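Asks: So I've got this file, start_22.cif, and it contains mmCIF, C-alpha atoms:
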```cif
data_data
loop_
_atom_site.label_atom_id
_atom_site.label_comp_id
_atom_site.auth_asym_id
_atom_site.auth_seq_id
_atom_site.Cartn_x
_atom_site.Cartn_y
_atom_site.Cartn_z
CA MET C 1 0.20 -11.87 117.43
CA ARG C 2 1.20 -15.44 116.84
CA PRO C 3 3.47 -15.55 113.80
CA ILE C 4 2.23 -17.14 110.61
CA ARG C 5 4.02 -20.21 109.43
CA PRO C 6 5.40 -20.03 105.91
CA THR C 7 3.37 -20.01 102.77
CA LEU C 8 5.25 -20.21 99.57
CA ALA C 9 6.71 -17.31 97.71
CA ALA C 10 4.56 -16.78 94.70
CA ALA C 11 6.94 -14.62 92.83
CA SER C 12 10.24 -16.22 93.45
CA MET C 13 9.40 -19.84 92.91
CA ALA C 14 6.45 -19.18 90.65
CA ALA C 15 4.27 -21.56 92.51
CA VAL C 16 2.78 -20.36 95.76
CA LEU C 17 1.82 -16.98 97.05
CA ALA C 18 4.38 -15.17 99.14
CA LEU C 19 3.37 -13.81 102.50
CA ALA C 20 5.59 -10.83 102.00
CA ALA C 21 6.09 -7.87 99.75
CA THR C 22 9.08 -6.40 98.02
CA ALA C 23 9.96 -2.73 98.30
CA CYS C 24 10.76 -0.94 95.09
CA GLY C 25 11.44 2.57 96.14
CA PRO C 26 10.62 5.44 98.47
CA SER C 27 7.12 6.81 98.79
CA GLU C 28 6.40 10.53 98.88
CA ASP C 29 6.31 10.23 102.66
CA ASN C 30 10.05 9.60 102.56
CA ALA C 31 11.01 12.98 101.18
CA GLY C 32 14.51 12.79 102.57
CA ASP C 33 15.42 9.82 100.39
CA LYS C 34 15.76 11.25 96.92
CA PRO C 35 16.04 8.62 94.18
CA SER C 36 18.24 9.23 91.20
CA ALA C 37 16.81 10.25 87.87
CA PRO C 38 15.19 7.34 86.06
CA ALA C 39 16.87 5.55 83.22
CA SER C 40 15.77 6.98 79.89
CA GLN C 41 15.31 5.31 76.54
CA SER C 42 17.24 6.34 73.46
CA ALA C 43 15.87 6.20 69.92
CA ASP C 44 17.25 2.70 69.35
CA GLY C 45 15.39 1.36 72.38
CA LYS C 46 18.42 1.11 74.67
CA ILE C 47 18.08 2.24 78.25
CA THR C 48 20.47 5.03 79.17
CA ILE C 49 21.61 4.88 82.81
CA PRO C 50 21.93 8.25 84.60
CA ASP C 51 25.51 9.28 85.41
CA ASP C 52 24.89 9.42 89.16
CA LEU C 53 23.64 5.85 89.16
CA LYS C 54 26.55 4.76 86.98
CA ASP C 55 28.91 6.28 89.54
CA ARG C 56 27.23 4.47 92.43
CA LEU C 57 27.30 1.19 90.54
CA LYS C 58 30.95 1.73 89.70
CA GLU C 59 31.68 2.19 93.41
CA ARG C 60 30.10 -1.21 93.95
CA GLY C 61 32.32 -2.71 91.27
CA ILE C 62 29.49 -3.11 88.76
CA ASP C 63 30.27 -2.58 85.08
CA LEU C 64 27.07 -2.32 83.02
CA ASP C 65 28.64 -3.80 79.88
CA LYS C 66 29.78 -6.81 81.87
CA TRP C 67 26.39 -6.85 83.59
CA LYS C 68 24.57 -7.28 80.28
CA ASN C 69 27.05 -9.96 79.24
CA GLY C 70 26.28 -12.14 82.25
CA GLU C 71 27.54 -10.33 85.35
CA TRP C 72 23.89 -9.93 86.41
CA LYS C 73 24.05 -13.60 87.44
CA ASN C 74 26.38 -12.64 90.29
CA TRP C 75 24.19 -12.61 93.41
CA ASP C 76 26.97 -11.91 95.89
CA LYS C 77 25.65 -9.79 98.72
CA ASP C 78 27.70 -6.77 97.64
CA LYS C 79 26.39 -7.05 94.08
CA TRP C 80 22.73 -7.41 94.99
CA LEU C 81 21.53 -3.83 94.84
CA ARG C 82 19.05 -3.13 97.61
CA GLU C 83 18.48 0.58 98.10
CA ALA C 84 15.54 2.25 96.40
CA GLN C 85 17.70 4.67 94.44
CA ASP C 86 19.93 1.88 93.11
CA PHE C 87 17.33 0.23 90.89
CA VAL C 88 18.86 -0.65 87.54
CA ASN C 89 17.46 -2.91 84.84
CA PRO C 90 19.28 -2.44 81.50
CA ILE C 91 17.63 -4.09 78.52
CA ILE C 92 19.25 -7.32 77.37
CA GLU C 93 17.64 -7.90 73.99
CA ASP C 94 16.06 -11.29 73.40
CA LEU C 95 16.95 -12.51 76.88
CA TRP C 96 13.28 -13.34 77.37
CA ASP C 97 12.87 -15.61 74.36
CA PRO C 98 9.92 -18.05 74.16
CA ASP C 99 11.81 -20.93 75.76
CA ARG C 100 13.05 -18.83 78.68
CA MET C 101 9.60 -17.35 79.28
CA ARG C 102 7.97 -20.76 79.25
CA ASP C 103 10.61 -22.31 81.51
CA ALA C 104 10.39 -19.50 84.09
CA ASP C 105 7.42 -21.23 85.72
CA LYS C 106 9.31 -23.27 88.30
CA PRO C 107 7.64 -25.01 91.24
CA PRO C 108 8.75 -23.95 94.74
CA GLU C 109 10.41 -26.01 97.39
CA LYS C 110 8.00 -28.02 99.50
CA PRO C 111 6.27 -25.45 101.73
CA VAL C 112 4.91 -25.62 105.24
CA ASP C 113 1.14 -25.19 105.50
CA ASN C 114 -0.20 -21.81 106.61
CA ASP C 115 -2.06 -21.23 109.88
CA ILE C 116 -3.58 -17.82 110.64
CA SER C 117 -5.51 -18.70 113.79
CA GLY C 118 -4.87 -16.36 116.70
CA ASP C 119 -4.19 -13.25 114.60
CA GLU C 120 -5.15 -9.94 116.18
CA GLY C 121 -7.26 -7.33 114.45
CA VAL C 122 -10.36 -7.74 112.31
CA THR C 123 -10.38 -11.08 110.55
CA ASP C 124 -13.48 -12.66 109.04
CA PRO C 125 -13.92 -16.43 108.75
CA ALA C 126 -11.90 -17.96 105.94
CA PRO C 127 -13.92 -17.86 102.71
CA ALA C 128 -15.04 -20.98 100.91
CA PRO C 129 -12.74 -21.84 97.98
CA VAL C 130 -13.81 -20.39 94.63
CA ASP C 131 -12.67 -22.32 91.59
CA ALA C 132 -10.61 -20.15 89.26
CA GLN C 133 -12.15 -19.80 85.82
CA ALA C 134 -10.11 -19.74 82.62
CA VAL C 135 -10.27 -16.40 80.84
CA LYS C 136 -11.70 -16.82 77.37
CA ALA C 137 -9.19 -16.43 74.56
CA PRO C 138 -8.05 -14.20 73.07
CA TYR C 139 -7.12 -12.65 76.40
CA HIS C 140 -6.73 -9.24 74.82
CA ALA C 141 -10.45 -9.15 74.08
CA ASN C 142 -11.43 -10.02 77.64
CA ALA C 143 -8.64 -8.80 79.93
CA ALA C 144 -6.51 -6.46 77.84
CA GLU C 145 -4.83 -4.87 80.86
CA ALA C 146 -3.53 -8.20 82.24
CA GLY C 147 -0.09 -9.63 81.63
CA LYS C 148 2.82 -11.55 83.04
CA VAL C 149 6.00 -10.32 84.73
CA PHE C 150 9.30 -12.16 84.24
CA PHE C 151 12.41 -11.60 86.35
CA ASP C 152 15.55 -13.28 87.67
CA GLY C 153 16.56 -13.97 91.26
CA PRO C 154 19.22 -16.06 92.98
CA GLN C 155 17.12 -19.21 92.57
CA GLY C 156 16.61 -18.67 88.84
CA SER C 157 13.94 -17.23 86.59
CA MET C 158 10.59 -16.40 88.20
CA VAL C 159 7.15 -15.07 87.31
CA CYS C 160 4.31 -12.90 88.58
CA SER C 161 1.20 -11.27 87.15
CA ALA C 162 0.51 -7.57 86.61
CA THR C 163 -1.93 -4.98 85.29
CA VAL C 164 -1.59 -1.97 82.98
CA VAL C 165 -2.81 1.09 84.92
CA LYS C 166 -3.49 4.68 83.96
CA ASP C 167 -0.84 7.38 84.36
CA PRO C 168 -2.22 10.73 85.60
CA ALA C 169 0.74 12.60 84.09
CA ASN C 170 0.32 10.98 80.67
CA PRO C 171 -3.40 10.53 80.01
CA GLY C 172 -4.09 7.86 77.40
CA LYS C 173 -0.37 7.11 77.09
CA SER C 174 0.52 5.18 80.21
CA ASN C 175 3.63 3.04 80.53
CA MET C 176 2.82 2.05 84.11
CA VAL C 177 2.22 -1.48 85.39
CA TRP C 178 0.87 -2.46 88.82
CA THR C 179 2.10 -5.61 90.57
CA ALA C 180 3.17 -6.91 93.99
CA GLY C 181 6.24 -5.60 95.77
CA HIS C 182 7.64 -9.11 96.12
CA CYS C 183 7.70 -9.37 92.33
CA VAL C 184 10.42 -6.71 92.05
CA HIS C 185 12.36 -6.75 95.33
CA ALA C 186 13.27 -9.51 97.81
CA GLY C 187 12.42 -7.45 100.89
CA LYS C 188 14.41 -7.31 104.10
CA SER C 189 16.73 -10.19 103.20
CA GLY C 190 17.73 -9.09 99.70
CA GLY C 191 17.50 -6.49 96.99
CA TRP C 192 16.11 -5.74 93.55
CA TYR C 193 15.36 -8.60 91.23
CA ARG C 194 16.90 -8.38 87.77
CA ASN C 195 15.85 -8.46 84.13
CA ILE C 196 12.31 -7.40 85.06
CA ALA C 197 10.04 -7.44 82.02
CA PHE C 198 6.28 -7.31 81.39
CA VAL C 199 4.47 -9.22 78.63
CA PRO C 200 0.87 -8.05 78.12
CA SER C 201 -1.62 -10.73 77.02
CA TYR C 202 0.99 -13.46 77.40
CA ASN C 203 -0.09 -16.54 75.38
CA ASP C 204 -3.04 -14.56 74.06
CA GLY C 205 -4.50 -17.58 72.28
CA ALA C 206 -4.45 -19.81 75.40
CA LYS C 207 -2.30 -22.42 73.71
CA GLU C 208 -1.38 -25.59 75.55
CA THR C 209 2.19 -25.90 76.81
CA ALA C 210 3.09 -28.43 74.12
CA GLU C 211 1.88 -26.00 71.46
CA LEU C 212 3.89 -23.16 72.97
CA GLU C 213 7.09 -25.13 72.48
CA LYS C 214 6.70 -24.55 68.73
CA ALA C 215 4.97 -21.18 68.82
CA PRO C 216 6.81 -18.07 67.55
CA LYS C 217 7.45 -15.18 69.91
CA GLU C 218 4.77 -13.13 68.15
CA GLU C 219 2.12 -15.55 69.44
CA ILE C 220 3.52 -15.80 72.96
CA ALA C 221 4.12 -12.04 73.30
CA PRO C 222 1.80 -10.48 70.68
CA TYR C 223 2.17 -6.97 72.12
CA GLY C 224 5.89 -7.19 72.74
CA VAL C 225 8.20 -7.43 75.72
CA TRP C 226 8.35 -4.31 77.90
CA TRP C 227 11.33 -3.84 80.23
CA GLY C 228 11.11 -2.01 83.52
CA ASP C 229 13.14 1.19 83.39
CA TRP C 230 12.02 2.13 86.90
CA ALA C 231 10.31 0.31 89.75
CA GLN C 232 9.05 1.56 93.08
CA THR C 233 7.38 -0.04 96.09
CA SER C 234 6.66 0.74 99.69
CA ASP C 235 9.41 1.43 102.19
CA GLN C 236 7.64 -1.05 104.45
CA TRP C 237 8.14 -3.86 101.96
CA ILE C 238 11.83 -3.10 101.59
CA SER C 239 12.38 -3.02 105.34
CA GLN C 240 9.94 -5.73 106.46
CA GLY C 241 9.04 -7.94 103.52
CA ALA C 242 9.82 -11.64 103.60
CA ALA C 243 9.11 -14.58 101.33
CA THR C 244 7.15 -16.39 104.03
CA GLY C 245 5.24 -15.54 107.17
CA GLY C 246 3.25 -12.54 105.97
CA GLN C 247 5.68 -9.80 106.97
CA GLY C 248 5.03 -6.66 104.94
CA ALA C 249 2.04 -8.15 103.13
CA ALA C 250 -0.21 -5.17 103.91
CA TYR C 251 2.23 -3.03 101.90
CA ASP C 252 2.98 -5.57 99.16
CA PHE C 253 2.44 -3.43 96.07
CA ALA C 254 4.66 -1.95 93.39
CA VAL C 255 4.59 0.11 90.22
CA ILE C 256 6.86 -0.62 87.28
CA HIS C 257 7.42 1.93 84.55
CA VAL C 258 8.17 0.11 81.30
CA THR C 259 9.71 0.73 77.91
CA PRO C 260 9.58 -1.50 74.79
CA GLU C 261 12.50 -3.89 74.38
CA LYS C 262 13.36 -2.83 70.85
CA GLY C 263 12.18 0.76 70.68
CA GLY C 264 8.62 0.03 69.69
CA ASN C 265 6.64 2.13 67.22
CA GLY C 266 6.40 5.26 69.32
CA LYS C 267 3.24 4.11 71.06
CA SER C 268 2.89 3.80 74.81
CA LEU C 269 1.95 0.54 76.51
CA GLU C 270 -1.61 1.79 77.01
CA GLU C 271 -1.92 2.70 73.33
CA THR C 272 -0.42 -0.63 72.32
CA VAL C 273 -2.82 -2.80 74.32
CA GLY C 274 -5.71 -0.36 73.98
CA SER C 275 -6.59 -0.14 77.65
CA ALA C 276 -5.45 0.75 81.18
CA LEU C 277 -7.28 0.60 84.50
CA PRO C 278 -7.66 3.49 86.94
CA VAL C 279 -6.46 2.82 90.50
CA ASP C 280 -8.83 3.56 93.38
CA PHE C 281 -7.00 4.49 96.59
CA ASN C 282 -10.27 5.11 98.43
CA ALA C 283 -12.05 1.85 97.68
CA PRO C 284 -15.08 1.10 99.85
CA ALA C 285 -14.74 -0.93 103.01
CA VAL C 286 -15.39 -4.66 102.75
CA PRO C 287 -19.08 -4.53 103.78
CA LYS C 288 -19.81 -2.16 100.89
CA ILE C 289 -18.12 -4.25 98.17
CA ALA C 290 -20.39 -6.78 96.50
CA ASN C 291 -17.75 -8.43 94.34
CA MET C 292 -14.03 -8.41 93.49
CA THR C 293 -12.35 -10.12 90.56
CA ALA C 294 -8.72 -11.26 90.78
CA THR C 295 -6.80 -12.05 87.58
CA GLY C 296 -3.50 -13.85 87.13
CA TYR C 297 -1.31 -16.56 85.65
CA PRO C 298 -1.15 -19.25 88.39
CA ALA C 299 1.91 -21.48 88.02
CA ALA C 300 1.84 -24.04 90.84
CA PRO C 301 0.00 -27.33 90.23
CA PRO C 302 -2.61 -27.92 89.01
CA TYR C 303 -1.72 -24.90 86.87
CA ASP C 304 1.39 -24.43 84.74
CA GLY C 305 1.63 -20.64 84.43
CA GLN C 306 0.80 -20.55 80.74
CA LYS C 307 -2.87 -19.54 80.95
CA LEU C 308 -4.85 -16.66 82.42
CA PHE C 309 -7.46 -17.26 85.13
CA GLN C 310 -9.88 -15.23 87.24
CA CYS C 311 -11.73 -15.59 90.54
CA ALA C 312 -14.75 -13.51 91.56
CA ASP C 313 -16.00 -13.37 95.15
CA LYS C 314 -17.37 -11.05 97.80
CA PRO C 315 -14.33 -10.03 99.89
CA GLY C 316 -13.77 -10.51 103.59
CA ARG C 317 -11.15 -9.06 105.93
CA LEU C 318 -7.79 -10.46 107.01
CA SER C 319 -5.64 -8.82 109.70
CA LEU C 320 -2.10 -10.10 110.09
CA ASN C 321 -1.02 -7.33 112.43
CA ALA C 322 -3.28 -5.01 114.39
CA ASP C 323 -0.91 -2.10 113.68
CA GLU C 324 -1.16 -2.52 109.90
CA PRO C 325 -4.03 -2.03 107.44
CA THR C 326 -6.50 -4.91 107.27
CA MET C 327 -6.23 -6.77 103.95
CA TYR C 328 -8.91 -7.89 101.54
CA ARG C 329 -9.45 -11.65 101.23
CA ILE C 330 -11.43 -13.71 98.71
CA GLY C 331 -11.98 -17.38 98.02
CA CYS C 332 -9.84 -18.49 95.08
CA THR C 333 -7.94 -21.60 94.02
CA MET C 334 -5.24 -19.74 92.06
CA THR C 335 -1.69 -20.48 93.19
CA GLY C 336 1.73 -18.81 93.00
CA GLY C 337 2.48 -16.97 89.80
CA SER C 338 -0.84 -15.16 90.18
CA SER C 339 0.92 -12.87 92.68
CA GLY C 340 0.77 -9.24 91.64
CA GLY C 341 -2.32 -9.77 89.52
CA GLY C 342 -4.91 -7.02 89.76
CA TRP C 343 -8.08 -7.07 91.85
CA VAL C 344 -10.88 -5.13 90.22
CA ALA C 345 -14.05 -3.78 91.84
CA GLN C 346 -16.50 -0.98 91.21
CA GLY C 347 -14.74 2.30 91.93
CA GLN C 348 -16.13 5.47 93.49
CA ASP C 349 -17.47 6.53 90.09
CA GLY C 350 -19.20 3.21 89.53
CA LYS C 351 -16.69 2.07 86.92
CA PRO C 352 -14.19 -0.81 87.20
CA ALA C 353 -10.98 0.13 89.00
CA LEU C 354 -7.95 -1.66 90.40
CA VAL C 355 -8.32 -1.77 94.19
CA SER C 356 -5.71 -4.37 95.23
CA ASN C 357 -3.34 -7.05 93.98
CA THR C 358 -2.68 -10.66 94.92
CA SER C 359 -0.14 -10.83 97.73
CA ILE C 360 -0.50 -13.95 99.87
CA GLY C 361 -2.40 -17.20 100.23
CA PRO C 362 -2.14 -20.53 102.00
CA VAL C 363 -0.02 -23.32 100.62
CA THR C 364 -3.14 -25.40 100.21
CA ALA C 365 -4.75 -22.65 98.06
CA GLY C 366 -8.43 -21.88 98.59
CA TRP C 367 -8.09 -18.15 99.26
CA LEU C 368 -6.04 -15.10 98.34
CA ALA C 369 -5.37 -11.86 100.19
CA GLY C 370 -4.31 -8.47 98.90
CA PRO C 371 -3.45 -5.09 100.45
CA ARG C 372 -6.03 -2.35 100.77
CA LEU C 373 -4.55 0.53 98.83
CA GLY C 374 -4.26 3.80 100.74
CA LYS C 375 -1.94 6.80 101.04
CA ASP C 376 1.26 4.71 100.97
CA ALA C 377 0.25 3.02 97.74
CA GLU C 378 -0.89 6.34 96.28
CA GLY C 379 2.48 7.85 97.17
CA VAL C 380 4.31 5.16 95.20
CA TYR C 381 1.93 5.54 92.26
CA ASP C 382 2.15 9.35 92.15
CA ALA C 383 5.93 9.32 92.49
CA VAL C 384 6.37 7.08 89.44
CA SER C 385 3.85 9.10 87.45
CA LYS C 386 5.57 12.41 88.25
CA LYS C 387 9.01 10.99 87.54
CA PHE C 388 8.03 10.34 83.93
CA ALA C 389 5.69 13.30 83.44
CA GLY C 390 5.83 14.55 79.87
CA GLN C 391 8.03 11.71 78.64
#
```
Since I need it in another form, could you write the structure as structure tokens?
Replies:
Amino acid sequence: MRPIRPTLAAASMAAVLALAATACGPSEDNAGDKPSAPASQSADGKITIPDDLKDRLKERGIDLDKWKNGEWKNWDKDKWLREAQDFVNPIIEDLWDPDRMRDADKPPEKPVDNDISGDEGVTDPAPAPVDAQAVKAPYHANAAEAGKVFFDGPQGSMVCSATVVKDPANPGKSNMVWTAGHCVHAGKSGGWYRNIAFVPSYNDGAKETAELEKAPKEEIAPYGVWWGDWAQTSDQWISQGAATGGQGAAYDFAVIHVTPEKGGNGKSLEETVGSALPVDFNAPAVPKIANMTATGYPAAPPYDGQKLFQCADKPGRLSLNADEPTMYRIGCTMTGGSSGGGWVAQGQDGKPALVSNTSIGPVTAGWLAGPRLGKDAEGVYDAVSKKFAGQ
């Protein structure tokens, strides 16, 4: 297959869609790689780090108190935790204040245009662009499961989009969020991103950027800031994923388990926002899907990352590698920052379900592609659910 030339990394630079995914943790297929116990939350909302993880971090010269006081900004290779079992994301209260959230939407470096001609496998003609439509405010009334992910990487603060999904082990009380792998982990060239947090219904009132500069946090994050206390993605993303070129894109998915920044009121994320989507790991093949809707917070021009948009289109197929699952592709003008946002279609039971997430797209916009979720994605999802069963 002729390699794809770079698109832009949607997550990291918050402007264009990355052609790669980021691996969060081992799937059930990797039974020999046992992750440590997840961080747990104490009554005051602080995340408690398991002793075995503390010991491993100590061996790497990482002191969690220093970490929370600024050591997290150290991106030296030895300090950039990479392995699935080394995920750590201690809460730093008020780190994501309104100004920092608003300023996280940074444009990327000038990208090289994308060319997918010559790819092997089943690829349909590129779809016609579909103009993204603004979601009607308040977002909570029209897309309650949608939200925005904030995180830090070596280049600074970055953004993605995400979706509240159901948790089989905690019916009606899910704290699980679905996003792209490249929104939590840098893939083959790096490790876990830091200070990962989810804000459901970000800018719920669809305020203009100038208005947000004076808006209180309660308007920007009306349902609170939820920190990731565990994240997991495909092994393929961790080993293959890259910010450009499409490597690992067919496995570019992740699940984040979240906890409220300041302890919350005892309610789960699902109870707080009032909704969560089921995930369909046996979605119909492209010819049987009449329509898919992608949702996200695009941040590259002409968008600024502050408002929620959607695209609806009949999907086609995109194959980047004949040895990997063929991806879904739709026409859509959303840009980077919409990465990780959920794709919804009619599930096997006829009800709306999450069937993919935004992964890649050309620098020139016009279309988006997302992975078709199968056993690898289900393994990640089930592993996170079981890890927090009964909690």
Asks: Which residue gives the smallest distance to Gln85 (chain C) among C:Leu354, C:Ala180, C:Ala231, C:Leu277, with only C-alpha atoms counted?
Replies: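 Using only C-alpha atoms, the shortest distance to Gln85 (chain C) belongs to C:Ala231.
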Asks: Taking the file as shown, what set of residues would the PyMOL selection byres ((chain C and resi 203) around 10) give back, as a PyMOL selection string?
Replies: chain C and resi 102+137-140+147-148+199-202+204-209+212+215+217-222+306-308
Asks: Rank C:Glu271, C:Asp229, C:Asp103, C:Asp124 by their smallest atom-to-atom distance to Gly305 (chain C), using only C-alpha atoms, and report the top residue only.
Replies: C:Asp103
Asks: Extract, using only C-alpha atoms, all DNA, RNA and protein residues at most 8 Å from Val255 (chain C), discarding same-chain residues fewer than 2 positions from it, and format them as a PyMOL selection string.
Replies: chain C and resi 24+176-179+231-233+253+257+380-381+384
Asks: By how many Å are CA of Asp78 (chain C) and CA of Ser234 (chain C) apart?
Replies: 22.4 Å
Asks: Determine the residue set returned by the PyMOL selection byres ((chain C and resi 350) around 12) for the present structure, and present it as number ranges by chain.
Replies: C: 278, 280, 283-284, 289, 344-349, 351-353
Asks: Here is a test: counting all atoms listed in the file, which residue of C:Pro287, C:Gly336, C:Gly274, C:Pro171 is nearest to Pro301 (chain C)?
Replies: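 Once distances to Pro301 (chain C) are computed over all atoms listed in the file, the minimum belongs to C:Gly336.
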Asks: Quote the spacing between CA of Met101 (chain C) and CA of Met292 (chain C) in Å to one decimal place.
Replies: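 Atom-to-atom, CA of Met101 (chain C) and CA of Met292 (chain C) are spaced 29.0 Å apart.
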Asks: Please indicate the distance in Å from CA of Ala389 (chain C) to CA of Ala169 (chain C), rounded to one decimal place.
Replies: 5.0 Å
Asks: May I ask which of the residues C:Gly224, C:Pro362, C:Gly370, C:Gly337 is the closest one to Ser161 (chain C), counting only C-alpha atoms?
Replies: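 The answer is C:Gly337, which sits nearest to Ser161 (chain C).
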Asks: Name the closest residue to Ala242 (chain C) among the candidates C:Asn170, C:Ser189, C:Ser319, C:Asn74; distances are taken between atoms, counting all atoms listed in the file.
Replies: C:Ser189
Asks: Which residue, C:Val355, C:Ile238, C:Ala383, C:Ile196, has the smallest gap to Tyr251 (chain C) when you use all atoms listed in the file?
Replies: C:Ile238
Asks: What does the PyMOL selection byres ((chain C and resi 133) around 10) select in this file, as a list in words?
Replies: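 Applying the PyMOL selection byres ((chain C and resi 133) around 10) to the structure shown produces Val130, Asp131, Ala132, Ala134, Val135, Lys136, Thr295, Leu308, Phe309, Gln310, Cys311, Ala312, Cys332, Thr333 and Met334 of chain C.
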Asks: Please produce a file of the residues just selected, as a PDB file, in the frame of the given file, where the atoms kept are C-alpha atoms.
Replies:
```
ATOM      1  CA  VAL C 130     -13.810 -20.390  94.630  1.00  0.00           C
ATOM      2  CA  ASP C 131     -12.670 -22.320  91.590  1.00  0.00           C
ATOM      3  CA  ALA C 132     -10.610 -20.150  89.260  1.00  0.00           C
ATOM      4  CA  ALA C 134     -10.110 -19.740  82.620  1.00  0.00           C
ATOM      5  CA  VAL C 135     -10.270 -16.400  80.840  1.00  0.00           C
ATOM      6  CA  LYS C 136     -11.700 -16.820  77.370  1.00  0.00           C
ATOM      7  CA  THR C 295      -6.800 -12.050  87.580  1.00  0.00           C
ATOM      8  CA  LEU C 308      -4.850 -16.660  82.420  1.00  0.00           C
ATOM      9  CA  PHE C 309      -7.460 -17.260  85.130  1.00  0.00           C
ATOM     10  CA  GLN C 310      -9.880 -15.230  87.240  1.00  0.00           C
ATOM     11  CA  CYS C 311     -11.730 -15.590  90.540  1.00  0.00           C
ATOM     12  CA  ALA C 312     -14.750 -13.510  91.560  1.00  0.00           C
ATOM     13  CA  CYS C 332      -9.840 -18.490  95.080  1.00  0.00           C
ATOM     14  CA  THR C 333      -7.940 -21.600  94.020  1.00  0.00           C
ATOM     15  CA  MET C 334      -5.240 -19.740  92.060  1.00  0.00           C
TER      16      MET C 334
END
```
Asks: Padding 5 Å on each side, edges along x, y and z: where is the centre of the box around the listed atoms of region 355-370 of chain C, and how long are its edges in Å to one decimal? Output it as AutoDock Vina command-line options.
Replies:
```
--center_x -4.2 --center_y -13.6 --center_z 98.0 --size_x 18.4 --size_y 33.6 --size_z 18.0
```
Asks: Which residues are close to Ser339 (chain C), i.e. within 6 Å by all atoms listed in the file, leaving aside same-chain residues fewer than 6 positions away? Reply as a list in words.
Replies: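 Neighbouring residues, sequence-local ones excluded: Ala10, Cys160, Ser161, Thr358 and Ser359 of chain C.
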Asks: Missing atoms in region 227-238 of chain C need filling: write out N, CA, C and O atoms for it as a PDB file, in the coordinates of the input.
Replies:
```
ATOM      1  N   TRP C 227      10.386  -3.771  79.111  1.00  0.00           N
ATOM      2  CA  TRP C 227      11.330  -3.840  80.230  1.00  0.00           C
ATOM      3  C   TRP C 227      11.077  -2.717  81.234  1.00  0.00           C
ATOM      4  O   TRP C 227      10.747  -1.586  80.852  1.00  0.00           O
ATOM      5  N   GLY C 228      11.247  -3.037  82.486  1.00  0.00           N
ATOM      6  CA  GLY C 228      11.110  -2.010  83.520  1.00  0.00           C
ATOM      7  C   GLY C 228      12.296  -1.073  83.519  1.00  0.00           C
ATOM      8  O   GLY C 228      13.428  -1.501  83.696  1.00  0.00           O
ATOM      9  N   ASP C 229      12.052   0.222  83.286  1.00  0.00           N
ATOM     10  CA  ASP C 229      13.140   1.190  83.390  1.00  0.00           C
ATOM     11  C   ASP C 229      13.093   1.933  84.728  1.00  0.00           C
ATOM     12  O   ASP C 229      13.949   2.752  85.029  1.00  0.00           O
ATOM     13  N   TRP C 230      12.078   1.638  85.520  1.00  0.00           N
ATOM     14  CA  TRP C 230      12.020   2.130  86.900  1.00  0.00           C
ATOM     15  C   TRP C 230      10.998   1.278  87.656  1.00  0.00           C
ATOM     16  O   TRP C 230       9.993   0.846  87.080  1.00  0.00           O
ATOM     17  N   ALA C 231      11.257   1.030  88.906  1.00  0.00           N
ATOM     18  CA  ALA C 231      10.310   0.310  89.750  1.00  0.00           C
ATOM     19  C   ALA C 231      10.309   0.953  91.124  1.00  0.00           C
ATOM     20  O   ALA C 231      11.326   1.468  91.582  1.00  0.00           O
ATOM     21  N   GLN C 232       9.163   0.941  91.763  1.00  0.00           N
ATOM     22  CA  GLN C 232       9.050   1.560  93.080  1.00  0.00           C
ATOM     23  C   GLN C 232       8.021   0.794  93.893  1.00  0.00           C
ATOM     24  O   GLN C 232       7.011   0.338  93.372  1.00  0.00           O
ATOM     25  N   THR C 233       8.294   0.634  95.183  1.00  0.00           N
ATOM     26  CA  THR C 233       7.380  -0.040  96.090  1.00  0.00           C
ATOM     27  C   THR C 233       7.422   0.647  97.429  1.00  0.00           C
ATOM     28  O   THR C 233       8.096   1.650  97.603  1.00  0.00           O
ATOM     29  N   SER C 234       6.739   0.095  98.375  1.00  0.00           N
ATOM     30  CA  SER C 234       6.660   0.740  99.690  1.00  0.00           C
ATOM     31  C   SER C 234       7.950   0.563 100.473  1.00  0.00           C
ATOM     32  O   SER C 234       8.638  -0.453 100.358  1.00  0.00           O
ATOM     33  N   ASP C 235       8.264   1.545 101.284  1.00  0.00           N
ATOM     34  CA  ASP C 235       9.410   1.430 102.190  1.00  0.00           C
ATOM     35  C   ASP C 235       9.201   0.263 103.157  1.00  0.00           C
ATOM     36  O   ASP C 235      10.154  -0.395 103.571  1.00  0.00           O
ATOM     37  N   GLN C 236       7.939   0.030 103.510  1.00  0.00           N
ATOM     38  CA  GLN C 236       7.640  -1.050 104.450  1.00  0.00           C
ATOM     39  C   GLN C 236       8.013  -2.405 103.867  1.00  0.00           C
ATOM     40  O   GLN C 236       8.492  -3.290 104.592  1.00  0.00           O
ATOM     41  N   TRP C 237       7.782  -2.575 102.563  1.00  0.00           N
ATOM     42  CA  TRP C 237       8.140  -3.860 101.960  1.00  0.00           C
ATOM     43  C   TRP C 237       9.654  -4.043 101.962  1.00  0.00           C
ATOM     44  O   TRP C 237      10.170  -5.115 102.261  1.00  0.00           O
ATOM     45  N   ILE C 238      10.371  -3.000 101.636  1.00  0.00           N
ATOM     46  CA  ILE C 238      11.830  -3.100 101.590  1.00  0.00           C
ATOM     47  C   ILE C 238      12.386  -3.431 102.966  1.00  0.00           C
ATOM     48  O   ILE C 238      13.307  -4.219 103.103  1.00  0.00           O
TER      49      ILE C 238
END
```
